[in-house]
Structure formats: C-alpha cells, structure tokens
file target_27.cif (mmCIF, C-alpha atoms)
data_final
loop_
_atom_site.label_atom_id
_atom_site.label_comp_id
_atom_site.auth_asym_id
_atom_site.auth_seq_id
_atom_site.Cartn_x
_atom_site.Cartn_y
_atom_site.Cartn_z
CA MET A 1 149.53 210.64 158.35
CA LYS A 2 149.89 213.41 155.80
CA ILE A 3 147.24 215.28 153.86
CA ILE A 4 148.14 216.31 150.31
CA LYS A 5 145.90 218.90 148.71
CA LEU A 6 146.23 218.32 144.99
CA GLU A 7 143.25 220.16 143.42
CA GLU A 8 144.35 218.87 140.01
CA SER A 9 142.11 218.30 137.01
CA ALA A 10 141.90 214.67 135.91
CA LEU A 11 140.69 215.75 132.47
CA ARG A 12 143.19 218.52 131.78
CA LYS A 13 145.76 216.33 130.01
CA GLY A 14 143.25 215.27 127.35
CA ARG A 15 141.89 218.78 126.91
CA ASP A 16 145.37 220.31 126.58
CA LEU A 17 146.28 217.73 123.96
CA ALA A 18 143.05 218.48 122.07
CA ARG A 19 144.11 222.14 121.90
CA GLU A 20 147.52 221.08 120.63
CA ASN A 21 145.89 218.89 117.97
CA LYS A 22 143.83 221.83 116.75
CA LYS A 23 146.91 224.05 116.66
CA LEU A 24 148.80 221.48 114.58
CA LEU A 25 145.87 221.09 112.18
CA ASP A 26 145.66 224.88 111.79
CA GLU A 27 149.38 225.12 111.12
CA LYS A 28 149.09 222.49 108.41
CA GLY A 29 145.95 224.06 106.94
CA VAL A 30 143.72 221.06 107.68
CA TYR A 31 140.01 221.51 108.49
CA ALA A 32 138.85 218.59 110.66
CA PHE A 33 135.45 217.04 111.41
CA ASP A 34 134.55 214.74 114.30
CA VAL A 35 131.90 212.42 112.85
CA MET A 36 129.84 211.00 115.70
CA GLY A 37 126.76 208.79 115.90
CA SER A 38 125.24 205.56 117.17
CA VAL A 39 126.34 202.11 116.09
CA GLY A 40 124.95 201.49 112.60
CA SER A 41 123.67 205.04 111.99
CA GLY A 42 125.70 205.23 108.77
CA LYS A 43 128.80 207.21 109.72
CA THR A 44 131.06 205.29 107.33
CA SER A 45 128.51 205.50 104.49
CA ILE A 46 128.21 209.25 104.88
CA ILE A 47 132.00 209.67 105.02
CA TYR A 48 132.23 207.46 101.92
CA TRP A 49 129.85 209.76 100.03
CA LEU A 50 131.53 212.93 101.31
CA VAL A 51 134.90 211.61 100.14
CA LYS A 52 133.48 210.54 96.77
CA LYS A 53 131.86 213.92 96.14
CA LEU A 54 134.68 216.11 97.53
CA LYS A 55 137.87 214.32 96.53
CA ASP A 56 138.22 216.16 93.21
CA ARG A 57 138.08 219.53 94.97
CA TYR A 58 139.94 218.73 98.20
CA ASP A 59 142.73 216.51 99.46
CA ILE A 60 141.04 214.38 102.09
CA GLY A 61 142.32 212.20 104.90
CA VAL A 62 140.31 209.93 107.20
CA ILE A 63 140.89 208.56 110.69
CA ALA A 64 138.59 205.60 111.29
CA GLY A 65 137.96 204.87 114.95
CA ASP A 66 136.83 201.40 115.90
CA LEU A 67 137.21 199.00 118.82
CA THR A 68 139.15 196.27 117.05
CA THR A 69 138.44 195.92 113.33
CA GLU A 70 139.62 197.61 110.09
CA VAL A 71 136.30 197.12 108.24
CA ASP A 72 135.48 200.84 108.00
CA ALA A 73 139.00 201.91 107.07
CA GLU A 74 139.21 199.34 104.29
CA ARG A 75 135.93 200.57 102.84
CA ILE A 76 137.14 204.18 102.61
CA GLU A 77 140.65 203.22 101.45
CA LYS A 78 139.17 202.02 98.15
CA GLU A 79 138.72 205.72 97.30
CA ASN A 80 142.53 206.02 97.19
CA ILE A 81 142.89 208.56 99.96
CA PRO A 82 145.04 208.26 103.12
CA VAL A 83 143.16 206.39 105.85
CA VAL A 84 144.46 205.58 109.33
CA GLN A 85 142.76 203.12 111.65
CA ALA A 86 142.61 204.08 115.34
CA HIS A 87 141.77 201.15 117.60
CA THR A 88 140.27 201.97 120.99
CA GLY A 89 140.21 198.38 122.31
CA ARG A 90 137.95 198.37 125.35
CA VAL A 91 137.21 202.07 125.26
CA CYS A 92 133.95 203.58 124.00
CA HIS A 93 135.26 206.78 122.43
CA LEU A 94 138.22 208.29 120.63
CA ASP A 95 140.31 210.68 122.68
CA SER A 96 142.81 213.38 121.86
CA SER A 97 145.84 211.13 122.39
CA LEU A 98 144.57 208.40 120.04
CA VAL A 99 143.78 211.04 117.44
CA ARG A 100 147.24 212.54 117.90
CA MET A 101 148.85 209.15 117.24
CA ALA A 102 146.69 208.67 114.16
CA MET A 103 147.49 212.20 112.94
CA GLU A 104 151.19 211.37 113.12
CA SER A 105 150.63 208.59 110.58
CA LEU A 106 148.80 210.88 108.15
CA PRO A 107 150.48 213.08 105.53
CA LEU A 108 149.08 216.29 107.07
CA GLU A 109 151.09 218.45 104.62
CA ASP A 110 149.20 216.87 101.74
CA ILE A 111 145.62 217.05 102.99
CA ASN A 112 143.24 219.92 103.70
CA ILE A 113 140.17 218.10 105.01
CA LEU A 114 140.19 215.43 107.71
CA PHE A 115 137.21 213.30 108.68
CA ILE A 116 137.57 211.52 112.03
CA GLU A 117 135.04 208.73 112.41
CA ASN A 118 134.40 208.28 116.12
CA VAL A 119 133.39 205.01 117.77
CA GLY A 120 129.69 204.14 117.33
CA ASN A 121 128.23 205.70 120.46
CA LEU A 122 125.93 208.68 120.93
CA ILE A 123 126.96 209.51 124.50
CA CYS A 124 130.60 209.15 125.49
CA PRO A 125 132.40 210.81 122.51
CA ALA A 126 130.70 214.11 123.37
CA ALA A 127 132.71 214.29 126.59
CA PHE A 128 136.13 213.93 124.97
CA PRO A 129 137.29 216.82 122.79
CA LEU A 130 139.63 215.76 119.99
CA GLY A 131 140.77 219.18 118.79
CA ILE A 132 138.69 219.52 115.64
CA HIS A 133 136.87 222.36 113.87
CA SER A 134 133.37 220.99 113.40
CA GLU A 135 131.13 218.25 114.82
CA LEU A 136 128.98 216.27 112.41
CA VAL A 137 126.48 213.91 114.02
CA VAL A 138 125.08 211.12 111.86
CA THR A 139 121.85 209.76 113.26
CA SER A 140 119.12 207.77 111.48
CA VAL A 141 115.36 207.30 111.40
CA THR A 142 115.76 203.69 112.58
CA GLU A 143 116.91 205.04 115.94
CA GLY A 144 113.35 206.14 116.63
CA PRO A 145 111.42 209.38 117.07
CA TYR A 146 113.09 210.48 120.35
CA ILE A 147 116.73 210.05 119.41
CA VAL A 148 117.52 213.79 119.52
CA LYS A 149 115.62 214.48 122.75
CA LYS A 150 117.26 211.54 124.49
CA HIS A 151 120.81 212.64 123.76
CA PRO A 152 120.87 216.35 124.56
CA TYR A 153 124.58 216.53 125.31
CA THR A 154 125.67 215.29 121.88
CA PHE A 155 123.09 217.23 119.88
CA GLN A 156 123.66 220.45 121.78
CA ARG A 157 127.28 220.44 120.68
CA ALA A 158 126.72 219.43 117.05
CA ASP A 159 127.40 221.88 114.25
CA LEU A 160 125.54 219.78 111.69
CA VAL A 161 123.30 216.72 111.85
CA ALA A 162 122.70 214.19 109.06
CA ILE A 163 119.45 212.28 109.58
CA ASN A 164 120.26 209.16 107.62
CA LYS A 165 118.17 206.29 106.14
CA ILE A 166 115.65 208.93 105.13
CA ASP A 167 114.03 206.43 102.71
CA LEU A 168 112.82 204.42 105.73
CA ARG A 169 110.98 207.27 107.45
CA ASP A 170 107.48 206.09 106.46
CA ALA A 171 108.17 202.48 107.40
CA MET A 172 109.57 203.67 110.75
CA LYS A 173 106.74 206.20 111.22
CA VAL A 174 109.31 208.82 112.16
CA SER A 175 108.61 212.48 111.43
CA ILE A 176 111.68 214.37 110.21
CA GLU A 177 109.94 217.64 111.03
CA SER A 178 109.51 216.56 114.63
CA LEU A 179 113.20 215.59 114.88
CA LYS A 180 114.10 218.99 113.43
CA GLU A 181 111.91 220.67 116.06
CA ASP A 182 113.68 218.72 118.80
CA LEU A 183 117.05 219.81 117.44
CA LYS A 184 115.93 223.43 117.17
CA GLU A 185 114.86 223.34 120.79
CA LEU A 186 118.26 222.04 121.93
CA ASN A 187 120.53 223.73 119.46
CA PRO A 188 119.03 226.47 117.28
CA ASP A 189 122.28 226.98 115.34
CA ALA A 190 122.64 223.38 114.10
CA ARG A 191 121.07 222.26 110.82
CA MET A 192 119.60 218.82 110.13
CA ILE A 193 119.83 217.38 106.61
CA GLY A 194 118.10 214.20 105.42
CA THR A 195 120.46 211.69 103.80
CA ASN A 196 120.48 208.23 102.30
CA GLY A 197 123.79 206.47 102.82
CA ILE A 198 123.05 203.88 100.12
CA THR A 199 122.24 206.25 97.24
CA GLY A 200 124.03 209.42 98.39
CA GLU A 201 120.78 211.41 98.36
CA GLY A 202 121.05 214.59 100.44
CA VAL A 203 124.86 214.53 100.65
CA ASP A 204 125.22 217.53 98.27
CA LYS A 205 123.01 219.55 100.56
CA LEU A 206 124.99 218.35 103.58
CA ILE A 207 128.18 219.57 101.87
CA GLN A 208 126.61 223.00 101.27
CA CYS A 209 126.04 223.31 105.02
CA MET A 210 129.53 222.21 106.06
CA ASN A 211 131.25 225.62 105.77
CA LEU A 212 134.19 224.03 104.00
CA PRO A 213 137.25 226.20 103.41
CA ARG A 214 137.44 227.50 99.82
CA MET B 1 132.50 202.98 130.24
CA HIS B 2 134.56 206.12 129.65
CA GLU B 3 134.97 206.32 133.42
CA PHE B 4 137.58 203.57 132.96
CA THR B 5 140.07 205.86 131.18
CA THR B 6 139.47 208.79 133.51
CA VAL B 7 140.02 206.61 136.57
CA LYS B 8 143.14 205.09 135.01
CA ASN B 9 144.62 208.60 134.72
CA ILE B 10 143.57 209.46 138.28
CA VAL B 11 145.09 206.30 139.80
CA GLN B 12 148.31 206.77 137.85
CA ARG B 13 148.68 210.34 139.13
CA VAL B 14 147.70 209.48 142.71
CA ILE B 15 150.24 206.64 142.88
CA GLU B 16 152.92 208.91 141.39
CA VAL B 17 152.32 211.63 144.00
CA SER B 18 152.13 209.12 146.85
CA GLN B 19 155.40 207.48 145.82
CA GLU B 20 157.11 210.89 145.61
CA GLU B 21 155.94 211.53 149.18
CA GLY B 22 157.27 208.17 150.32
CA ALA B 23 153.84 206.82 151.28
CA LYS B 24 153.38 203.31 152.65
CA GLU B 25 149.64 203.43 152.16
CA ILE B 26 146.96 205.71 150.70
CA LEU B 27 144.32 206.04 153.41
CA ARG B 28 141.80 208.25 151.67
CA LEU B 29 141.24 209.82 148.25
CA GLU B 30 138.78 212.63 147.55
CA ILE B 31 137.59 213.33 144.03
CA GLY B 32 135.37 216.23 142.94
CA LEU B 33 132.96 215.26 140.19
CA GLY B 34 131.50 218.07 138.09
CA GLU B 35 127.81 217.82 137.21
CA PHE B 36 128.44 218.52 133.51
CA THR B 37 131.19 215.91 132.99
CA LEU B 38 129.19 212.84 131.81
CA LEU B 39 131.08 210.83 134.43
CA GLU B 40 128.77 208.59 136.38
CA LYS B 41 129.28 208.47 140.16
CA GLU B 42 128.70 204.74 140.71
CA GLN B 43 130.97 203.77 137.83
CA MET B 44 133.67 206.12 139.05
CA GLU B 45 133.45 204.56 142.51
CA PHE B 46 133.57 201.03 141.10
CA TRP B 47 136.65 201.66 138.95
CA LEU B 48 138.46 203.69 141.61
CA ASN B 49 138.04 200.92 144.18
CA GLN B 50 138.90 198.24 141.63
CA MET B 51 142.03 199.89 140.24
CA LEU B 52 143.33 201.11 143.59
CA SER B 53 142.93 197.62 145.08
CA GLU B 54 145.29 196.33 142.38
CA THR B 55 148.08 198.64 143.56
CA GLU B 56 150.48 198.18 146.47
CA LEU B 57 149.56 201.51 148.09
CA GLY B 58 145.81 201.55 147.48
CA LYS B 59 144.64 198.19 148.85
CA SER B 60 142.45 199.73 151.54
CA THR B 61 141.97 203.31 150.35
CA GLU B 62 138.69 204.98 151.28
CA VAL B 63 137.33 206.67 148.16
CA VAL B 64 135.14 209.77 148.56
CA LEU B 65 133.37 211.38 145.62
CA ASN B 66 132.16 214.95 146.10
CA ARG B 67 129.60 216.32 143.65
CA ILE B 68 130.54 219.70 142.19
CA ARG B 69 127.35 221.59 141.32
CA GLY B 70 127.37 223.02 137.82
CA LEU B 71 127.24 226.77 137.45
CA ILE B 72 126.34 228.63 134.26
CA LYS B 73 126.05 232.16 132.99
CA CYS B 74 123.35 232.86 130.42
CA LYS B 75 124.60 235.01 127.57
CA GLY B 76 120.97 235.86 126.75
CA CYS B 77 119.56 237.25 130.02
CA GLY B 78 122.60 237.28 132.29
CA TYR B 79 121.24 234.64 134.72
CA GLU B 80 123.98 233.13 136.81
CA GLY B 81 123.29 229.97 138.75
CA THR B 82 122.57 226.25 138.66
CA LEU B 83 120.45 224.30 136.16
CA GLU B 84 117.31 222.24 136.56
CA THR B 85 117.06 218.49 136.06
CA SER B 86 113.90 216.84 134.76
CA GLY B 87 112.41 213.78 133.09
CA LEU B 88 114.52 212.26 130.37
CA ASP B 89 117.47 214.42 131.21
CA HIS B 90 118.12 212.90 134.59
CA PHE B 91 121.67 211.87 133.70
CA PHE B 92 122.79 215.47 133.83
CA PRO B 93 121.10 218.84 133.80
CA ILE B 94 119.90 220.02 130.42
CA LEU B 95 121.97 222.95 129.27
CA LYS B 96 119.19 225.51 129.04
CA CYS B 97 118.73 228.74 130.97
CA PRO B 98 115.99 228.17 133.59
CA LYS B 99 115.03 231.84 133.35
CA CYS B 100 114.80 232.68 129.62
CA GLY B 101 115.21 229.26 127.92
CA SER B 102 118.33 230.27 125.98
CA HIS B 103 120.91 227.63 125.06
CA ASN B 104 123.62 230.19 124.69
CA LEU B 105 125.36 229.51 127.97
CA GLU B 106 128.81 229.75 129.40
CA ILE B 107 129.80 227.02 131.84
CA LEU B 108 131.46 228.65 134.85
CA ARG B 109 131.93 225.50 136.92
CA GLY B 110 131.14 221.79 136.84
CA ASP B 111 132.72 220.49 133.63
CA ASP B 112 135.78 219.01 135.27
CA CYS B 113 136.83 216.13 137.48
CA ILE B 114 139.24 217.16 140.20
CA ILE B 115 141.69 215.07 142.23
CA GLN B 116 141.07 217.07 145.40
CA ARG B 117 143.07 215.55 148.24
CA LEU B 118 144.91 212.52 149.47
CA GLU B 119 145.61 211.18 152.91
CA ILE B 120 148.70 209.01 153.08
CA ASP B 121 150.48 207.03 155.77
CA LYS B 122 154.26 207.21 155.75
#

call {"tool": "encode", "arguments": {"input": "target_27.cif", "output": "structure tokens"}}
result
Amino acid sequence: MKIIKLEESALRKGRDLARENKKLLDEKGVYAFDVMGSVGSGKTSIIYWLVKKLKDRYDIGVIAGDLTTEVDAERIEKENIPVVQAHTGRVCHLDSSLVRMAMESLPLEDINILFIENVGNLICPAAFPLGIHSELVVTSVTEGPYIVKKHPYTFQRADLVAINKIDLRDAMKVSIESLKEDLKELNPDARMIGTNGITGEGVDKLIQCMNLPR
Amino acid sequence: MHEFTTVKNIVQRVIEVSQEEGAKEILRLEIGLGEFTLLEKEQMEFWLNQMLSETELGKSTEVVLNRIRGLIKCKGCGYEGTLETSGLDHFFPILKCPKCGSHNLEILRGDDCIIQRLEIDK
C-alpha cells in the first residue's frame, strides 16, 4: 500500500481559466457581464432590451447559455449582432471552459461589450467564475417576496440587480422596497432597478447603473 | 447538480495519478470540502462513489469527505474567525461578520475543494 498526499485543488483549473478569460477580454477591450437569474426571470428579455438600446453606441456580442436549445440565441440574433450558443447539456451552470469555447467563436476584435446569459438557476452559477467584469442578476416579482433573502450567495456577489416583471408587483403582493431592504442587508453596494421585460421600462435606468466603458 | 462536474474532474485526476504510480486499486480517497464552496456533501459522496465504481481502479474505493471550516477576516472590524449558520441560510454560512455585521469580508479559507490524499495498492 502507498499513501499519496496530493493536496491539490479540484476547482483550480476552472478558476485559472476564468482569470485567463478576463485577461483575454481586457486585451481585446471587451467589457463582459455575467447575466444570472432563475428560470423564467426574464434574462433574455433584459438582454434583448439592453442590446436594442445600446447597439448604436457599442458593438455588442452575446453568449447564450442553455441546456439544449437555441431559442434564446435566435431571439437575440434578430438584432443583427454576433450571438454564440453555449450548450451545457446536463450541467446546471456555465463554466469558464464553456465560455472560453464560446469566446473563440466570437469576433472579440470587433466587440466592446459582451453579455453572457447563464443557465436559468439562482444557485449554482454563483460558484463558477467565468472571468467577467460585472455580475447582473435578473430576478422577478413572480419569484415571491423572499427571493433575495433565500439566495444570499448569488445576491451577495451581484454588482447590479434587475427586479423584473415590475408591472405584476400589486398582483403578486410583493413589495419592491422590502426586496431592496433585503438586498441592502446582504450587499450594500449593489443597486436594484425595477424593469419590465415586455415594454423595456426601467432598462434606461439599469444602463445608467452599469458603469459601462465610455 | 454542479457536484457532477467537480467530481468528474476529481476522478479524472485521481485515476491519472494512480495510473502514474502503477496502482492496481485505489483503496481510499480523502477529499477536503470547504464550507463556502456550494458543494453539497451527500451529492459529492454519491457522485464520487458512482463515478469511481465505473473505473477499473476505483471499484471498491472508500471515499472520505472532510469538512474544511470556513475562515474569514472582516475588513470592517478586523475580526478573524468562523461564521455563524442560522435559519434560512443553513446551506452555508451567511457571509456576514458575526461581530460588527459587515459584509466586507475576505475569505481566508474554505472556498476550495481539495483532493487531499490517496491510498493505493500496487
């Protein structure tokens, strides 16, 4: 019998690659967002509006993460910007290697903003750094009044939070103020902006808070 | 479910090392699981046993998971120590200084998963 003391990180490979992704994005002058949120919170709708409102000022690229379909990518592609689909198959989050592969299919020289739509999931993506500059969480009033409190890990890391489906707040009896208080408690530096993914309401304000490069 | 990919990487590395050492069998594998990793112990155990059993060398490997307590340093008050767990946050400790309530913390330990040691039979 032989004992082998390895003491090796099982997560290091992914974290190193995330750092390399960020370095490559910086070299190419691309500012990247990881857009995270539950299934059906409105991530694609918010990206759609961001693209629509920003595409005259910036050259935008999108990586659309999904288990198996191209539905989200096709929706954004109609805006005539480069979109790459990243399929995760059985896996519940994007990781740095999938993002790296998707980045290699994007014309990084020709874009300066990249939105990466993560898989619909408010837990797992928070544990897998992709190598981006800013984390935008899209949540919605239909997820109930405790959605922020119940997912501290994701909301503690967020730079900006869009609270979507704002038009349904009365029907859902959800207080935006109370959600903002919960966020402040967890993450005093993050801002929460009300949005409506159908009409685009609130997206201009969201853009103002995104610290986009000039 | 993200335990699946982490375990896949672990098993790949463990088999690689064991083959390099000329192992006939992996008797025991010890993994250190950091408190702040979002990796769930039972799921890690399930996938480790499942994936090892599908390999030639890992059919009867004993898997041991050691919890690595998280350690933080508060940038607000300087507190250095562990975190509390409570109520809704039972999955992992809430990242908040137990002394002053600040969220401005540096994680000193506990955000990694470590392949600690292997026992092989040659």

call {"tool": "closest_atom_pairs", "arguments": {"input": "target_27.cif", "of": "chain A", "to": "chain B", "cutoff": "9 Å", "atoms": "all atoms listed in the file", "output": "CSV"}}
result
residue,atom,partner,partner_atom,distance
A:Met1,CA,B:Asp121,CA,4.5
A:Lys2,CA,B:Ile120,CA,5.3
A:Ile3,CA,B:Glu119,CA,4.5
A:Ile4,CA,B:Leu118,CA,5.1
A:Lys5,CA,B:Arg117,CA,4.4
A:Leu6,CA,B:Arg117,CA,5.3
A:Glu7,CA,B:Gln116,CA,4.3
A:Glu8,CA,B:Ile115,CA,5.1
A:Ser9,CA,B:Ile114,CA,4.4
A:Ala10,CA,B:Cys113,CA,5.5
A:Leu11,CA,B:Cys113,CA,6.3
A:Arg12,CA,B:Asp112,CA,8.2
A:Arg90,CA,B:Met1,CA,8.7
A:Val91,CA,B:His2,CA,6.5
A:Cys92,CA,B:His2,CA,6.2
A:His93,CA,B:His2,CA,7.3
A:Ile123,CA,B:Leu38,CA,8.3
A:Cys124,CA,B:His2,CA,6.5
A:Pro125,CA,B:His2,CA,8.8
A:Ala126,CA,B:Leu38,CA,8.7
A:Ala127,CA,B:Leu38,CA,6.5
A:Lys149,CA,B:Leu88,CA,8.0
A:Lys150,CA,B:Leu88,CA,6.5
A:His151,CA,B:Asp89,CA,8.4
A:Pro152,CA,B:Ile94,CA,7.0
A:Tyr153,CA,B:Ile94,CA,7.8
A:Gln156,CA,B:Leu95,CA,8.1
A:Glu185,CA,B:His103,CA,8.6
A:Leu186,CA,B:His103,CA,6.9
A:Asn187,CA,B:His103,CA,6.8
A:Pro188,CA,B:His103,CA,8.1

call {"tool": "atom_distance", "arguments": {"input": "target_27.cif", "atom1": "CA of Ala73 (chain A)", "atom2": "CA of Arg169 (chain A)"}}
result
28.5 Å

call {"tool": "residues_near_point", "arguments": {"input": "target_27.cif", "point": "(115.9, 214.4, 103.6)", "cutoff": "8 Å", "atoms": "all atoms listed in the file", "output": "list in words"}}
result
Ile163, Asn164, Ile166, Ile176, Ile193, Gly194, Thr195, Asn196, Glu201 and Gly202 of chain A

call {"tool": "closest_residue", "arguments": {"input": "target_27.cif", "among": "A:Tyr48, A:Tyr58, A:Phe115, A:Phe128", "to": "Val203 (chain A)", "atoms": "all atoms listed in the file"}}
result
A:Tyr48

call {"tool": "closest_residue", "arguments": {"input": "target_27.cif", "among": "B:Lys59, B:Lys24, B:Lys41, B:Arg109", "to": "Leu83 (chain B)", "atoms": "only C-alpha atoms"}}
result
B:Arg109

call {"tool": "decode", "arguments": {"input": "target_27.cif", "residues": "region 98-194 of chain A", "atoms": "C-alpha atoms", "output": "mmCIF file, in the first residue's frame"}}
result
data_model
loop_
_atom_site.group_PDB
_atom_site.id
_atom_site.type_symbol
_atom_site.label_atom_id
_atom_site.label_comp_id
_atom_site.auth_asym_id
_atom_site.auth_seq_id
_atom_site.Cartn_x
_atom_site.Cartn_y
_atom_site.Cartn_z
ATOM 1 C CA LEU A 98 -17.554 26.599 -21.943
ATOM 2 C CA VAL A 99 -17.296 30.381 -22.010
ATOM 3 C CA ARG A 100 -13.772 30.121 -23.400
ATOM 4 C CA MET A 101 -15.002 27.903 -26.245
ATOM 5 C CA ALA A 102 -17.843 30.317 -26.970
ATOM 6 C CA MET A 103 -15.449 33.296 -26.855
ATOM 7 C CA GLU A 104 -13.315 31.628 -29.516
ATOM 8 C CA SER A 105 -16.306 31.700 -31.876
ATOM 9 C CA LEU A 106 -16.945 35.415 -31.283
ATOM 10 C CA PRO A 107 -15.241 38.253 -33.178
ATOM 11 C CA LEU A 108 -13.689 39.684 -29.989
ATOM 12 C CA GLU A 109 -11.727 42.280 -32.004
ATOM 13 C CA ASP A 110 -14.998 43.760 -33.217
ATOM 14 C CA ILE A 111 -16.983 43.969 -29.992
ATOM 15 C CA ASN A 112 -16.608 46.008 -26.817
ATOM 16 C CA ILE A 113 -19.473 44.712 -24.686
ATOM 17 C CA LEU A 114 -20.262 41.051 -24.056
ATOM 18 C CA PHE A 115 -23.375 39.756 -22.328
ATOM 19 C CA ILE A 116 -23.140 36.143 -21.157
ATOM 20 C CA GLU A 117 -26.546 34.701 -20.360
ATOM 21 C CA ASN A 118 -26.058 31.989 -17.765
ATOM 22 C CA VAL A 119 -28.288 28.929 -17.361
ATOM 23 C CA GLY A 120 -31.572 29.661 -15.549
ATOM 24 C CA ASN A 121 -30.580 28.896 -11.972
ATOM 25 C CA LEU A 122 -30.153 31.166 -8.962
ATOM 26 C CA ILE A 123 -27.731 28.948 -7.040
ATOM 27 C CA CYS A 124 -25.076 27.035 -8.960
ATOM 28 C CA PRO A 125 -23.750 29.733 -11.373
ATOM 29 C CA ALA A 126 -22.576 31.780 -8.386
ATOM 30 C CA ALA A 127 -19.991 29.113 -7.591
ATOM 31 C CA PHE A 128 -18.353 29.087 -11.023
ATOM 32 C CA PRO A 129 -16.430 32.215 -12.013
ATOM 33 C CA LEU A 130 -16.385 32.847 -15.761
ATOM 34 C CA GLY A 131 -13.827 35.639 -15.901
ATOM 35 C CA ILE A 132 -16.112 38.628 -16.390
ATOM 36 C CA HIS A 133 -16.175 42.232 -15.172
ATOM 37 C CA SER A 134 -19.648 42.590 -13.709
ATOM 38 C CA GLU A 135 -22.482 40.385 -12.435
ATOM 39 C CA LEU A 136 -26.037 41.337 -13.335
ATOM 40 C CA VAL A 137 -28.744 39.310 -11.608
ATOM 41 C CA VAL A 138 -32.205 39.343 -13.176
ATOM 42 C CA THR A 139 -34.877 38.332 -10.701
ATOM 43 C CA SER A 140 -38.628 38.985 -10.826
ATOM 44 C CA VAL A 141 -41.586 39.741 -8.577
ATOM 45 C CA THR A 142 -43.199 36.413 -9.546
ATOM 46 C CA GLU A 143 -40.433 34.652 -7.636
ATOM 47 C CA GLY A 144 -42.009 35.857 -4.399
ATOM 48 C CA PRO A 145 -41.160 38.216 -1.544
ATOM 49 C CA TYR A 146 -38.218 36.206 -0.125
ATOM 50 C CA ILE A 147 -36.246 35.597 -3.301
ATOM 51 C CA VAL A 148 -33.294 37.798 -2.247
ATOM 52 C CA LYS A 149 -33.125 36.504 1.327
ATOM 53 C CA LYS A 150 -33.255 32.897 0.177
ATOM 54 C CA HIS A 151 -30.311 33.192 -2.189
ATOM 55 C CA PRO A 152 -27.657 35.070 -0.236
ATOM 56 C CA TYR A 153 -24.699 33.675 -2.134
ATOM 57 C CA THR A 154 -25.849 34.950 -5.529
ATOM 58 C CA PHE A 155 -27.099 38.326 -4.313
ATOM 59 C CA GLN A 156 -24.032 38.986 -2.193
ATOM 60 C CA ARG A 157 -21.861 38.775 -5.286
ATOM 61 C CA ALA A 158 -24.095 40.786 -7.628
ATOM 62 C CA ASP A 159 -22.997 44.191 -8.870
ATOM 63 C CA LEU A 160 -26.467 45.087 -10.112
ATOM 64 C CA VAL A 161 -29.927 43.544 -9.758
ATOM 65 C CA ALA A 162 -32.860 43.980 -12.149
ATOM 66 C CA ILE A 163 -36.173 43.223 -10.444
ATOM 67 C CA ASN A 164 -38.231 42.296 -13.472
ATOM 68 C CA LYS A 165 -41.998 41.992 -14.185
ATOM 69 C CA ILE A 166 -42.425 45.125 -12.101
ATOM 70 C CA ASP A 167 -45.939 45.591 -13.572
ATOM 71 C CA LEU A 168 -47.069 42.474 -11.658
ATOM 72 C CA ARG A 169 -45.992 43.656 -8.210
ATOM 73 C CA ASP A 170 -49.512 44.503 -6.993
ATOM 74 C CA ALA A 171 -50.997 41.266 -8.302
ATOM 75 C CA MET A 172 -48.156 39.341 -6.625
ATOM 76 C CA LYS A 173 -48.391 41.450 -3.448
ATOM 77 C CA VAL A 174 -44.622 41.845 -3.493
ATOM 78 C CA SER A 175 -43.042 44.968 -2.026
ATOM 79 C CA ILE A 176 -40.100 46.253 -4.068
ATOM 80 C CA GLU A 177 -38.982 48.313 -1.081
ATOM 81 C CA SER A 178 -38.783 45.200 1.048
ATOM 82 C CA LEU A 179 -36.720 43.386 -1.620
ATOM 83 C CA LYS A 180 -34.422 46.417 -1.771
ATOM 84 C CA GLU A 181 -34.024 46.282 2.016
ATOM 85 C CA ASP A 182 -33.111 42.593 1.805
ATOM 86 C CA LEU A 183 -30.509 43.362 -0.842
ATOM 87 C CA LYS A 184 -29.101 46.256 1.182
ATOM 88 C CA GLU A 185 -28.709 43.956 4.151
ATOM 89 C CA LEU A 186 -26.773 41.387 2.104
ATOM 90 C CA ASN A 187 -24.923 43.623 -0.289
ATOM 91 C CA PRO A 188 -24.973 47.367 0.419
ATOM 92 C CA ASP A 189 -23.005 48.185 -2.753
ATOM 93 C CA ALA A 190 -25.438 46.575 -5.220
ATOM 94 C CA ARG A 191 -28.331 48.539 -6.715
ATOM 95 C CA MET A 192 -31.758 47.132 -7.558
ATOM 96 C CA ILE A 193 -33.668 48.573 -10.528
ATOM 97 C CA GLY A 194 -37.288 47.755 -11.417
#
